file target-v9.cif (mmCIF, C-alpha atoms)
data_model
loop_
_atom_site.label_atom_id
_atom_site.label_comp_id
_atom_site.auth_asym_id
_atom_site.auth_seq_id
_atom_site.Cartn_x
_atom_site.Cartn_y
_atom_site.Cartn_z
CA MET A 1 17.53 4.54 -10.56
CA ALA A 2 15.90 1.23 -9.82
CA THR A 3 18.87 0.18 -7.69
CA ASN A 4 18.12 2.95 -5.18
CA PRO A 5 16.03 1.29 -2.46
CA THR A 6 14.52 4.56 -1.24
CA ASP A 7 13.45 5.99 -4.61
CA PRO A 8 9.87 7.12 -3.88
CA ILE A 9 8.70 7.06 -7.51
CA HIS A 10 9.91 3.58 -8.38
CA GLN A 11 6.79 1.95 -6.90
CA PHE A 12 4.63 3.48 -9.65
CA ALA A 13 6.68 2.14 -12.55
CA ILE A 14 4.74 0.04 -15.05
CA SER A 15 6.42 -3.08 -16.34
CA ARG A 16 5.25 -5.39 -19.10
CA LEU A 17 4.65 -8.89 -17.82
CA VAL A 18 3.26 -10.39 -21.04
CA PRO A 19 3.96 -8.20 -24.08
CA ILE A 20 0.97 -8.23 -26.44
CA GLU A 21 0.78 -6.05 -29.53
CA ILE A 22 -2.28 -5.89 -31.76
CA GLY A 23 -2.22 -3.72 -34.86
CA GLY A 24 0.67 -1.59 -33.64
CA LEU A 25 -1.10 -0.82 -30.36
CA ASP A 26 0.31 -1.92 -27.04
CA PHE A 27 -2.09 -4.26 -25.23
CA SER A 28 0.54 -5.73 -22.94
CA PHE A 29 -0.45 -7.44 -19.72
CA THR A 30 1.31 -5.14 -17.24
CA ASN A 31 1.67 -5.18 -13.49
CA SER A 32 -1.17 -2.63 -13.42
CA THR A 33 -3.39 -5.06 -15.32
CA LEU A 34 -2.38 -7.83 -12.95
CA PHE A 35 -3.46 -5.82 -9.93
CA MET A 36 -6.72 -4.78 -11.57
CA VAL A 37 -7.48 -8.45 -12.17
CA LEU A 38 -6.40 -9.16 -8.60
CA THR A 39 -8.68 -6.39 -7.30
CA VAL A 40 -11.69 -7.76 -9.12
CA GLY A 41 -10.77 -11.29 -8.06
CA VAL A 42 -10.35 -10.40 -4.39
CA ALA A 43 -13.58 -8.39 -4.31
CA ALA A 44 -15.60 -11.08 -6.10
CA ALA A 45 -14.09 -13.89 -4.05
CA PHE A 46 -14.74 -12.07 -0.78
CA LEU A 47 -18.35 -11.26 -1.65
CA TYR A 48 -18.99 -14.80 -2.88
CA TYR A 49 -17.29 -16.49 0.06
CA SER A 50 -18.85 -14.26 2.73
CA THR A 51 -22.41 -14.73 1.46
CA ARG A 52 -22.22 -18.48 0.84
CA GLY A 53 -23.92 -19.28 4.18
CA ARG A 54 -26.82 -16.85 3.67
CA GLY A 55 -27.55 -17.04 7.38
CA LEU A 56 -30.48 -15.13 8.81
CA VAL A 57 -28.12 -14.23 11.63
CA PRO A 58 -25.06 -13.14 9.68
CA SER A 59 -21.58 -14.43 10.38
CA LYS A 60 -18.76 -11.90 10.84
CA LEU A 61 -17.79 -11.89 7.16
CA GLN A 62 -21.39 -11.86 6.00
CA SER A 63 -22.12 -8.81 8.14
CA ILE A 64 -19.19 -6.97 6.53
CA THR A 65 -20.75 -7.64 3.13
CA GLU A 66 -24.19 -6.68 4.37
CA LEU A 67 -22.84 -3.46 5.87
CA THR A 68 -21.18 -2.56 2.58
CA TYR A 69 -24.42 -3.26 0.76
CA GLU A 70 -26.51 -1.18 3.17
CA PHE A 71 -23.94 1.62 3.16
CA THR A 72 -23.90 1.88 -0.64
CA ALA A 73 -27.66 1.51 -0.92
CA ASN A 74 -28.28 4.29 1.61
CA MET A 75 -25.72 6.51 -0.08
CA LEU A 76 -27.43 6.07 -3.46
CA ARG A 77 -30.93 6.49 -2.00
CA ASP A 78 -29.85 9.65 -0.17
CA SER A 79 -28.56 11.36 -3.31
CA ALA A 80 -30.61 9.98 -6.18
CA GLY A 81 -33.82 8.74 -4.54
CA THR A 82 -35.40 5.34 -5.10
CA ALA A 83 -35.54 6.02 -8.84
CA GLY A 84 -31.74 5.93 -8.81
CA MET A 85 -31.64 2.46 -7.26
CA LYS A 86 -31.48 0.87 -10.71
CA PHE A 87 -27.87 2.07 -10.77
CA PHE A 88 -27.07 0.21 -7.57
CA PRO A 89 -24.99 -2.54 -9.26
CA PHE A 90 -22.95 0.12 -11.07
CA VAL A 91 -22.27 2.23 -7.97
CA PHE A 92 -21.55 -0.83 -5.86
CA SER A 93 -19.06 -2.13 -8.45
CA ILE A 94 -17.26 1.22 -8.62
CA PHE A 95 -17.16 1.61 -4.84
CA THR A 96 -15.87 -1.93 -4.32
CA PHE A 97 -13.30 -1.66 -7.10
CA VAL A 98 -11.84 1.62 -5.84
CA LEU A 99 -11.93 0.52 -2.20
CA VAL A 100 -10.26 -2.84 -2.82
CA ALA A 101 -7.71 -1.30 -5.21
CA ASN A 102 -6.81 1.34 -2.60
CA LEU A 103 -6.55 -1.20 0.19
CA LEU A 104 -4.49 -3.66 -1.90
CA GLY A 105 -2.12 -0.78 -2.63
CA MET A 106 -1.48 -0.48 1.11
CA ILE A 107 0.16 -3.93 1.19
CA PRO A 108 3.95 -3.55 0.89
CA PHE A 109 5.37 -4.28 -2.60
CA PHE A 110 1.89 -4.18 -4.10
CA PHE A 111 1.08 -1.91 -7.00
CA THR A 112 -1.57 0.78 -6.45
CA VAL A 113 -3.86 0.76 -9.46
CA THR A 114 -5.62 4.01 -8.53
CA SER A 115 -2.34 5.97 -8.36
CA HIS A 116 -2.30 6.28 -12.16
CA ILE A 117 -4.45 9.06 -13.54
CA ILE A 118 -5.42 7.14 -16.66
CA VAL A 119 -7.14 4.49 -14.54
CA THR A 120 -9.08 6.98 -12.43
CA PHE A 121 -9.88 9.06 -15.51
CA ALA A 122 -11.29 6.00 -17.25
CA LEU A 123 -13.47 5.33 -14.20
CA ALA A 124 -14.64 8.96 -14.12
CA MET A 125 -15.40 8.97 -17.86
CA THR A 126 -17.42 5.76 -17.43
CA VAL A 127 -19.50 7.51 -14.76
CA ILE A 128 -20.03 10.64 -16.86
CA SER A 129 -20.85 8.60 -19.98
CA VAL A 130 -23.48 6.69 -18.02
CA VAL A 131 -24.92 9.99 -16.73
CA VAL A 132 -25.09 11.59 -20.19
CA GLY A 133 -26.17 8.40 -21.97
CA TYR A 134 -28.93 7.54 -19.52
CA GLY A 135 -30.06 11.15 -19.24
CA ILE A 136 -30.49 11.50 -23.02
CA ALA A 137 -32.01 8.04 -23.39
CA LYS A 138 -34.53 8.67 -20.62
CA HIS A 139 -35.42 12.33 -21.06
CA GLY A 140 -34.46 12.96 -24.68
CA LEU A 141 -33.13 16.38 -25.60
CA SER A 142 -34.96 17.95 -22.67
CA TRP A 143 -32.21 16.49 -20.48
CA PHE A 144 -29.99 19.35 -21.65
CA LYS A 145 -32.21 21.64 -19.56
CA VAL A 146 -29.94 20.55 -16.71
CA PHE A 147 -27.59 23.25 -18.02
CA ILE A 148 -30.30 25.92 -17.89
CA PRO A 149 -31.08 26.98 -14.34
CA SER A 150 -34.59 28.33 -13.92
CA GLY A 151 -35.21 31.94 -12.92
CA VAL A 152 -32.21 33.45 -14.70
CA PRO A 153 -32.79 36.69 -16.69
CA GLY A 154 -32.46 36.23 -20.45
CA ALA A 155 -29.62 38.76 -20.79
CA ILE A 156 -27.07 36.74 -18.82
CA LEU A 157 -28.45 33.30 -19.70
CA PRO A 158 -25.74 32.53 -22.33
CA PHE A 159 -23.01 33.13 -19.78
CA VAL A 160 -24.75 31.08 -17.13
CA VAL A 161 -25.24 28.19 -19.55
CA LEU A 162 -21.58 28.40 -20.57
CA ILE A 163 -20.53 28.34 -16.92
CA GLU A 164 -22.83 25.39 -16.24
CA VAL A 165 -21.35 23.51 -19.21
CA ILE A 166 -17.78 24.16 -18.02
CA SER A 167 -18.84 23.15 -14.53
CA PHE A 168 -20.23 19.90 -15.92
CA LEU A 169 -17.07 19.24 -17.95
CA SER A 170 -14.94 19.79 -14.87
CA ARG A 171 -16.62 16.88 -13.08
CA PRO A 172 -14.63 14.01 -14.60
CA VAL A 173 -11.44 16.06 -14.12
CA SER A 174 -12.03 16.72 -10.44
CA LEU A 175 -13.27 13.17 -9.88
CA SER A 176 -10.21 11.54 -11.41
CA VAL A 177 -7.57 14.01 -10.22
CA ARG A 178 -8.73 13.84 -6.61
CA LEU A 179 -8.48 10.06 -6.34
CA PHE A 180 -5.22 9.82 -8.28
CA ALA A 181 -3.53 12.71 -6.43
CA ASN A 182 -4.51 11.42 -3.00
CA MET A 183 -3.19 7.93 -3.65
CA LEU A 184 0.00 9.14 -5.38
CA ALA A 185 0.84 11.77 -2.76
CA GLY A 186 0.07 9.44 0.13
CA HIS A 187 2.28 6.66 -1.17
CA ILE A 188 5.14 9.05 -1.95
CA THR A 189 4.95 10.59 1.55
CA LEU A 190 4.97 7.14 3.09
CA LYS A 191 7.95 6.10 1.02
CA VAL A 192 9.90 9.30 1.75
CA PHE A 193 9.47 8.96 5.52
CA ALA A 194 10.36 5.27 5.37
CA GLY A 195 13.39 6.27 3.29
CA PHE A 196 14.54 8.61 6.08
CA VAL A 197 14.65 5.64 8.43
CA VAL A 198 16.88 3.67 6.06
CA THR A 199 19.20 6.59 5.32
CA LEU A 200 19.54 7.79 8.91
CA SER A 201 20.09 4.38 10.44
CA SER A 202 23.03 3.80 8.10
CA LEU A 203 24.84 6.67 9.90
CA GLY A 204 25.54 4.70 13.08
CA ALA A 205 24.22 4.99 16.64
CA VAL A 206 23.26 8.68 16.46
CA GLY A 207 21.43 8.04 13.23
CA VAL A 208 19.47 5.14 14.69
CA ILE A 209 18.24 7.38 17.51
CA GLY A 210 17.42 10.07 14.97
CA ALA A 211 15.49 7.54 12.91
CA ILE A 212 12.94 6.99 15.69
CA LEU A 213 10.97 10.10 14.78
CA PRO A 214 10.49 9.28 11.06
CA LEU A 215 9.65 5.72 12.07
CA LEU A 216 6.83 7.00 14.28
CA MET A 217 5.71 9.24 11.42
CA THR A 218 5.67 6.28 9.06
CA VAL A 219 3.43 4.34 11.43
CA ALA A 220 1.10 7.33 11.83
CA ILE A 221 0.96 8.02 8.09
CA THR A 222 0.20 4.37 7.40
CA ALA A 223 -2.88 4.69 9.61
CA LEU A 224 -3.80 7.94 7.85
CA GLU A 225 -3.41 6.25 4.47
CA PHE A 226 -5.89 3.54 5.42
CA LEU A 227 -8.37 6.28 6.31
CA VAL A 228 -7.67 8.07 3.02
CA ALA A 229 -8.03 4.81 1.07
CA PHE A 230 -11.51 4.33 2.49
CA LEU A 231 -12.51 7.97 2.33
CA GLN A 232 -11.49 8.41 -1.30
CA ALA A 233 -13.48 5.36 -2.32
CA TYR A 234 -16.43 6.83 -0.43
CA VAL A 235 -16.03 10.27 -2.04
CA PHE A 236 -15.78 8.70 -5.50
CA ALA A 237 -18.94 6.68 -4.93
CA VAL A 238 -20.91 9.51 -3.34
CA LEU A 239 -20.07 11.86 -6.22
CA THR A 240 -21.08 9.13 -8.67
CA CYS A 241 -24.43 9.05 -6.88
CA MET A 242 -24.81 12.83 -7.05
CA TYR A 243 -24.02 12.90 -10.77
CA LEU A 244 -26.42 10.04 -11.39
CA ASN A 245 -29.06 12.16 -9.65
CA ASP A 246 -28.68 14.65 -12.51
CA ALA A 247 -29.38 11.88 -14.99
CA VAL A 248 -32.44 10.62 -13.10
CA HIS A 249 -33.89 13.99 -12.03
CA PRO A 250 -32.55 16.64 -14.43
CA HIS A 251 -35.02 19.32 -13.37
CA HIS A 252 -33.78 19.99 -9.86
CA MET B 1 -36.13 -7.83 49.06
CA ALA B 2 -34.90 -7.74 45.52
CA GLU B 3 -37.16 -10.60 44.48
CA HIS B 4 -40.11 -8.87 45.99
CA ARG B 5 -39.45 -5.72 43.98
CA GLU B 6 -38.98 -7.66 40.81
CA ASP B 7 -42.28 -9.44 41.32
CA ARG B 8 -44.07 -6.20 41.77
CA SER B 9 -42.53 -4.71 38.67
CA ASP B 10 -43.48 -7.79 36.70
CA SER B 11 -47.11 -7.62 37.63
CA SER B 12 -47.94 -3.93 37.76
CA GLN B 13 -45.25 -2.15 35.78
CA SER B 14 -44.72 -4.54 32.88
CA GLU B 15 -48.03 -3.67 31.23
CA ASP B 16 -47.28 0.04 31.33
CA GLU B 17 -43.70 -0.53 30.28
CA TRP B 18 -44.67 -2.64 27.27
CA ALA B 19 -47.28 -0.12 26.26
CA ALA B 20 -44.73 2.69 26.48
CA ARG B 21 -42.25 0.64 24.47
CA ARG B 22 -44.85 -0.13 21.84
CA ALA B 23 -45.71 3.55 21.56
CA ALA B 24 -42.04 4.50 21.27
CA LEU B 25 -41.45 1.86 18.63
CA SER B 26 -44.47 2.88 16.56
CA THR B 27 -43.44 6.56 16.60
CA LYS B 28 -39.92 5.54 15.59
CA LEU B 29 -41.27 3.39 12.76
CA ALA B 30 -43.53 6.18 11.58
CA GLU B 31 -40.57 8.59 11.57
CA HIS B 32 -38.49 6.10 9.63
CA SER B 33 -41.13 5.43 6.99
CA ALA B 34 -41.76 9.16 6.61
CA GLU B 35 -38.05 9.64 6.02
CA ARG B 36 -38.08 6.86 3.43
CA ALA B 37 -41.08 8.39 1.71
CA LYS B 38 -39.36 11.76 1.59
CA LEU B 39 -36.26 10.17 0.09
CA ALA B 40 -38.34 8.32 -2.45
CA GLU B 41 -39.33 11.66 -3.98
CA GLY B 42 -35.68 12.14 -4.84
CA ALA B 43 -34.47 14.65 -2.28
CA PRO B 44 -31.29 15.92 -3.92
CA ARG B 45 -29.14 16.59 -0.88
CA GLY B 46 -28.95 14.09 1.94
CA ARG B 47 -26.97 14.70 5.10
CA GLY B 48 -25.34 11.37 5.90
CA GLY B 49 -22.79 10.69 8.61
CA MET B 50 -19.60 11.05 6.60
CA GLN B 51 -21.05 13.63 4.25
CA GLY B 52 -19.28 16.55 5.93
CA MET B 53 -15.83 15.00 5.74
CA ALA B 54 -16.35 14.00 2.12
CA GLU B 55 -17.54 17.49 1.22
CA GLY B 56 -14.46 19.07 2.78
CA LEU B 57 -12.20 16.82 0.75
CA LYS B 58 -13.86 17.43 -2.57
CA LEU B 59 -14.33 21.21 -2.50
CA ALA B 60 -10.75 22.23 -3.33
CA SER B 61 -10.40 19.87 -6.26
CA GLU B 62 -13.77 20.88 -7.70
CA PHE B 63 -12.76 24.53 -7.64
CA ALA B 64 -9.41 23.80 -9.29
CA ALA B 65 -11.00 21.54 -11.89
CA GLY B 66 -13.33 24.33 -13.01
CA ILE B 67 -10.40 26.65 -13.65
CA ILE B 68 -8.35 23.93 -15.38
CA VAL B 69 -11.17 22.97 -17.71
CA GLY B 70 -12.01 26.62 -18.47
CA GLY B 71 -8.36 27.40 -19.20
CA GLY B 72 -8.07 24.27 -21.34
CA ILE B 73 -11.10 25.22 -23.45
CA GLY B 74 -9.77 28.77 -23.89
CA PHE B 75 -6.33 27.46 -24.88
CA GLY B 76 -7.92 25.07 -27.39
CA ILE B 77 -10.02 27.84 -28.93
CA ASP B 78 -6.90 30.03 -29.22
CA ARG B 79 -5.06 27.21 -30.95
CA LEU B 80 -7.87 26.60 -33.44
CA ALA B 81 -8.97 30.18 -34.12
CA GLY B 82 -5.64 31.94 -33.59
CA SER B 83 -7.26 34.43 -31.26
CA ALA B 84 -4.57 34.30 -28.58
CA PRO B 85 -4.70 35.40 -25.82
CA PHE B 86 -8.34 36.47 -25.66
CA GLY B 87 -9.91 32.99 -25.64
CA LEU B 88 -7.68 32.03 -22.74
CA ILE B 89 -8.55 35.19 -20.81
CA VAL B 90 -12.29 34.88 -21.32
CA PHE B 91 -12.52 31.18 -20.66
CA LEU B 92 -10.21 31.33 -17.66
CA MET B 93 -12.68 33.76 -16.11
CA LEU B 94 -15.62 31.57 -17.07
CA GLY B 95 -13.75 28.60 -15.62
CA PHE B 96 -13.23 30.54 -12.41
CA ALA B 97 -16.97 31.19 -12.28
CA ALA B 98 -17.62 27.51 -12.94
CA GLY B 99 -15.29 26.58 -10.08
CA ILE B 100 -17.18 28.91 -7.74
CA ARG B 101 -20.41 27.37 -9.03
CA ASN B 102 -19.06 23.89 -8.24
CA VAL B 103 -18.28 24.93 -4.68
CA LEU B 104 -21.57 26.76 -4.19
CA ARG B 105 -23.53 23.80 -5.49
CA THR B 106 -22.19 21.78 -2.58
CA VAL B 107 -22.14 24.27 0.29
CA GLY B 108 -24.10 27.37 -0.74
CA PRO B 109 -27.82 28.01 -0.79
CA SER B 110 -29.60 26.57 -3.78
CA THR B 111 -29.91 28.98 -6.69
CA THR B 112 -32.99 27.34 -8.13
CA PRO B 113 -36.25 28.63 -6.66
CA LYS B 114 -38.03 25.86 -4.84
CA THR B 115 -41.66 25.06 -4.33
CA PRO B 116 -43.02 26.42 -1.03
CA SER B 117 -43.34 23.02 0.64
CA GLU B 118 -39.82 22.01 -0.35
CA SER B 119 -38.20 25.24 0.77
CA ALA B 120 -40.02 25.09 4.09
CA GLY B 121 -38.63 21.65 4.82
CA ALA B 122 -35.18 21.57 3.30
CA GLU B 123 -33.89 25.10 3.70
CA GLU B 124 -35.18 25.94 7.17
CA PRO B 125 -32.08 24.91 9.17
CA ARG B 126 -29.77 26.94 6.96
CA ARG B 127 -31.59 30.25 7.19
CA PRO B 128 -30.11 31.65 10.43
CA SER B 129 -26.49 31.37 9.32
#

call {"tool": "encode", "arguments": {"input": "target-v9.cif", "output": "structure tokens"}}
result
Amino acid sequence: MATNPTDPIHQFAISRLVPIEIGGLDFSFTNSTLFMVLTVGVAAAFLYYSTRGRGLVPSKLQSITELTYEFTANMLRDSAGTAGMKFFPFVFSIFTFVLVANLLGMIPFFFTVTSHIIVTFALAMTVISVVVGYGIAKHGLSWFKVFIPSGVPGAILPFVVLIEVISFLSRPVSLSVRLFANMLAGHITLKVFAGFVVTLSSLGAVGVIGAILPLLMTVAITALEFLVAFLQAYVFAVLTCMYLNDAVHPHH
Amino acid sequence: MAEHREDRSDSSQSEDEWAARRAALSTKLAEHSAERAKLAEGAPRGRGGMQGMAEGLKLASEFAAGIIVGGGIGFGIDRLAGSAPFGLIVFLMLGFAAGIRNVLRTVGPSTTPKTPSESAGAEEPRRPS
């Protein structure tokens, strides 16, 4: 399987780099772990390096960082109001992590961290835990009124509350599945079209001419994937902001 | 010729021009601070630049997630209580409703009655459609 150069699934395989086992549980340092560390390292290094000058007139790199900051801050202020700004470090970390992980995955031979559902699910559960934890800590049990829409007749209220609860529980699922599915499907598509080029061009002159079309597709899909990488990070962050709004203002 | 015109514009027009610019800037600033003040109250739905594209991407998965979670709960209840297949049927329907609710929360009119001032400002553009 691994010997096949055009196997589209092989890129998602997890391999143990440093096997670690504690109490029968597998804590190995895998290639996924390596790229998570790399993601955090690249993001932190870029932010640190680009803001070292602290110029009043920003340099090119500094303006990228400032744009990211402004973008995230506006996004959070739009959905959760100024009261939600205390979550800015959290949202900014999530946005940067997902964005850098997606973009690192676009480099050939690099592992895409966000193409594994357990990673995106862990991120989504962190968001939902923060929403529930902060909501209960701030508003007490009255936070649960977020499940009770106002102006609903008493007869159908149990059903509505049940639907609201299911709707709330579906949030981490949709949040994690969307990011994971987009990254997985995009990378497989890319690999399949690139595989056509390899297979067709091994058929001789006719095949090489026939391989032009999938080659063009590969180039186009690569551009699309960069858009998707950015857009999915944005969607993840903007939904985080909207869910945090429920924690900050439960009575809307 | 050109110099002459420039001179004239410097002397007579510049005052008017600066005044007009000042007025434009102050109205712009007032608009901006009003927008900020409105956001500070915690307006729940902002309409940013990429908002539309992001909404389009997330609707399908939110709908599917509602059904999956509803079906999962029903299946779990059936497993625990041995009530197959009624838990699955009921909760699949509730999950379907939750999926619709997810979609409507993003694109539909708000179900919660709003205060008069809020509904006048936020819902006005949506009414005609």

call {"tool": "closest_residue", "arguments": {"input": "target-v9.cif", "among": "B:Gly74, B:Gly95, B:Gly82, B:Gly87", "to": "chain A", "atoms": "all atoms listed in the file"}}
result
B:Gly95

call {"tool": "interface_residues", "arguments": {"input": "target-v9.cif", "of": "chain A", "to": "chain B", "cutoff": "10 Å", "atoms": "all atoms listed in the file", "output": "ChimeraX atom specification"}}
result
/A:74-84,149-152,159-160,162-179,181,231-232,234-236,238-239,242,245-246,248-249,251-252

call {"tool": "write_last_selection", "arguments": {"input": "target-v9.cif", "atoms": "C-alpha atoms", "output": "tab-separated table (two decimals), in the frame of the given file"}}
result
chain	number	residue	atom	x	y	z
A	74	ASN	CA	-28.28	4.29	1.61
A	75	MET	CA	-25.72	6.51	-0.08
A	76	LEU	CA	-27.43	6.07	-3.46
A	77	ARG	CA	-30.93	6.49	-2.00
A	78	ASP	CA	-29.85	9.65	-0.17
A	79	SER	CA	-28.56	11.36	-3.31
A	80	ALA	CA	-30.61	9.98	-6.18
A	81	GLY	CA	-33.82	8.74	-4.54
A	82	THR	CA	-35.40	5.34	-5.10
A	83	ALA	CA	-35.54	6.02	-8.84
A	84	GLY	CA	-31.74	5.93	-8.81
A	149	PRO	CA	-31.08	26.98	-14.34
A	150	SER	CA	-34.59	28.33	-13.92
A	151	GLY	CA	-35.21	31.94	-12.92
A	152	VAL	CA	-32.21	33.45	-14.70
A	159	PHE	CA	-23.01	33.13	-19.78
A	160	VAL	CA	-24.75	31.08	-17.13
A	162	LEU	CA	-21.58	28.40	-20.57
A	163	ILE	CA	-20.53	28.34	-16.92
A	164	GLU	CA	-22.83	25.39	-16.24
A	165	VAL	CA	-21.35	23.51	-19.21
A	166	ILE	CA	-17.78	24.16	-18.02
A	167	SER	CA	-18.84	23.15	-14.53
A	168	PHE	CA	-20.23	19.90	-15.92
A	169	LEU	CA	-17.07	19.24	-17.95
A	170	SER	CA	-14.94	19.79	-14.87
A	171	ARG	CA	-16.62	16.88	-13.08
A	172	PRO	CA	-14.63	14.01	-14.60
A	173	VAL	CA	-11.44	16.06	-14.12
A	174	SER	CA	-12.03	16.72	-10.44
A	175	LEU	CA	-13.27	13.17	-9.88
A	176	SER	CA	-10.21	11.54	-11.41
A	177	VAL	CA	-7.57	14.01	-10.22
A	178	ARG	CA	-8.73	13.84	-6.61
A	179	LEU	CA	-8.48	10.06	-6.34
A	181	ALA	CA	-3.53	12.71	-6.43
A	231	LEU	CA	-12.51	7.97	2.33
A	232	GLN	CA	-11.49	8.41	-1.30
A	234	TYR	CA	-16.43	6.83	-0.43
A	235	VAL	CA	-16.03	10.27	-2.04
A	236	PHE	CA	-15.78	8.70	-5.50
A	238	VAL	CA	-20.91	9.51	-3.34
A	239	LEU	CA	-20.07	11.86	-6.22
A	242	MET	CA	-24.81	12.83	-7.05
A	245	ASN	CA	-29.06	12.16	-9.65
A	246	ASP	CA	-28.68	14.65	-12.51
A	248	VAL	CA	-32.44	10.62	-13.10
A	249	HIS	CA	-33.89	13.99	-12.03
A	251	HIS	CA	-35.02	19.32	-13.37
A	252	HIS	CA	-33.78	19.99	-9.86

call {"tool": "atom_distance", "arguments": {"input": "target-v9.cif", "atom1": "atom CA of A:His116", "atom2": "atom CA of A:Ile14"}}
result
9.8 Å

call {"tool": "closest_residue", "arguments": {"input": "target-v9.cif", "among": "A:Val146, A:Ala122, A:Val206, A:Val161", "to": "A:Ile94", "atoms": "only C-alpha atoms"}}
result
A:Ala122

call {"tool": "closest_residue", "arguments": {"input": "target-v9.cif", "among": "A:Ala229, A:Ala205, A:Ile188, A:Ile136", "to": "A:Phe97", "atoms": "all atoms listed in the file"}}
result
A:Ala229

call {"tool": "atom_distance", "arguments": {"input": "target-v9.cif", "atom1": "atom CA of A:Thr68", "atom2": "atom CA of A:Phe226"}}
result
16.7 Å

call {"tool": "residues_around", "arguments": {"input": "target-v9.cif", "residues": "A:Tyr49", "least_positions_apart": "4", "cutoff": "9 Å", "atoms": "only C-alpha atoms", "output": "list in words"}}
result
Ala44, Ala45, Gly53, Leu61 and Gln62 of chain A

call {"tool": "closest_residue", "arguments": {"input": "target-v9.cif", "among": "A:Val37, A:Ile64, A:Ala13, A:Ala211", "to": "A:Gly195", "atoms": "all atoms listed in the file"}}
result
A:Ala211

call {"tool": "resolve_selection", "arguments": {"input": "target-v9.cif", "expression": "the PyMOL selection byres ((chain A and resi 109) around 12)", "output": "PyMOL selection string"}}
result
chain A and resi 10-13+31+35+104-108+110-112+187+191

call {"tool": "residues_around", "arguments": {"input": "target-v9.cif", "residues": "A:Ser201", "least_positions_apart": "4", "cutoff": "12 Å", "atoms": "all atoms listed in the file", "output": "list in words"}}
result
Ala194, Gly195, Phe196, Val197, Ala205, Val206, Gly207, Val208, Ile209, Gly210, Ala211, Ile212, Leu213, Pro214 and Leu215 of chain A

call {"tool": "decode", "arguments": {"input": "target-v9.cif", "residues": "stretch 80-84 of chain A", "atoms": "all heavy atoms", "output": "short mmCIF file (atom, residue, chain, number, x, y, z; two decimals), in the first residue's frame"}}
result
data_model
loop_
_atom_site.label_atom_id
_atom_site.label_comp_id
_atom_site.auth_asym_id
_atom_site.auth_seq_id
_atom_site.Cartn_x
_atom_site.Cartn_y
_atom_site.Cartn_z
N ALA A 80 -20.12 39.04 19.52
CA ALA A 80 -20.32 38.92 20.96
C ALA A 80 -20.29 40.25 21.68
O ALA A 80 -20.44 40.28 22.90
CB ALA A 80 -19.29 37.98 21.57
N GLY A 81 -20.11 41.37 20.96
CA GLY A 81 -20.09 42.65 21.62
C GLY A 81 -18.80 42.88 22.39
O GLY A 81 -17.94 42.00 22.45
N THR A 82 -18.66 44.06 22.98
CA THR A 82 -17.41 44.36 23.69
C THR A 82 -17.26 43.50 24.94
O THR A 82 -16.15 43.26 25.39
CB THR A 82 -17.35 45.85 24.10
OG1 THR A 82 -18.68 46.36 24.11
CG2 THR A 82 -16.50 46.63 23.15
N ALA A 83 -18.39 43.01 25.48
CA ALA A 83 -18.30 42.15 26.66
C ALA A 83 -17.60 40.84 26.32
O ALA A 83 -17.04 40.18 27.19
CB ALA A 83 -19.69 41.87 27.21
N GLY A 84 -17.65 40.45 25.03
CA GLY A 84 -17.00 39.21 24.63
C GLY A 84 -15.52 39.37 24.39
O GLY A 84 -14.82 38.39 24.12
#
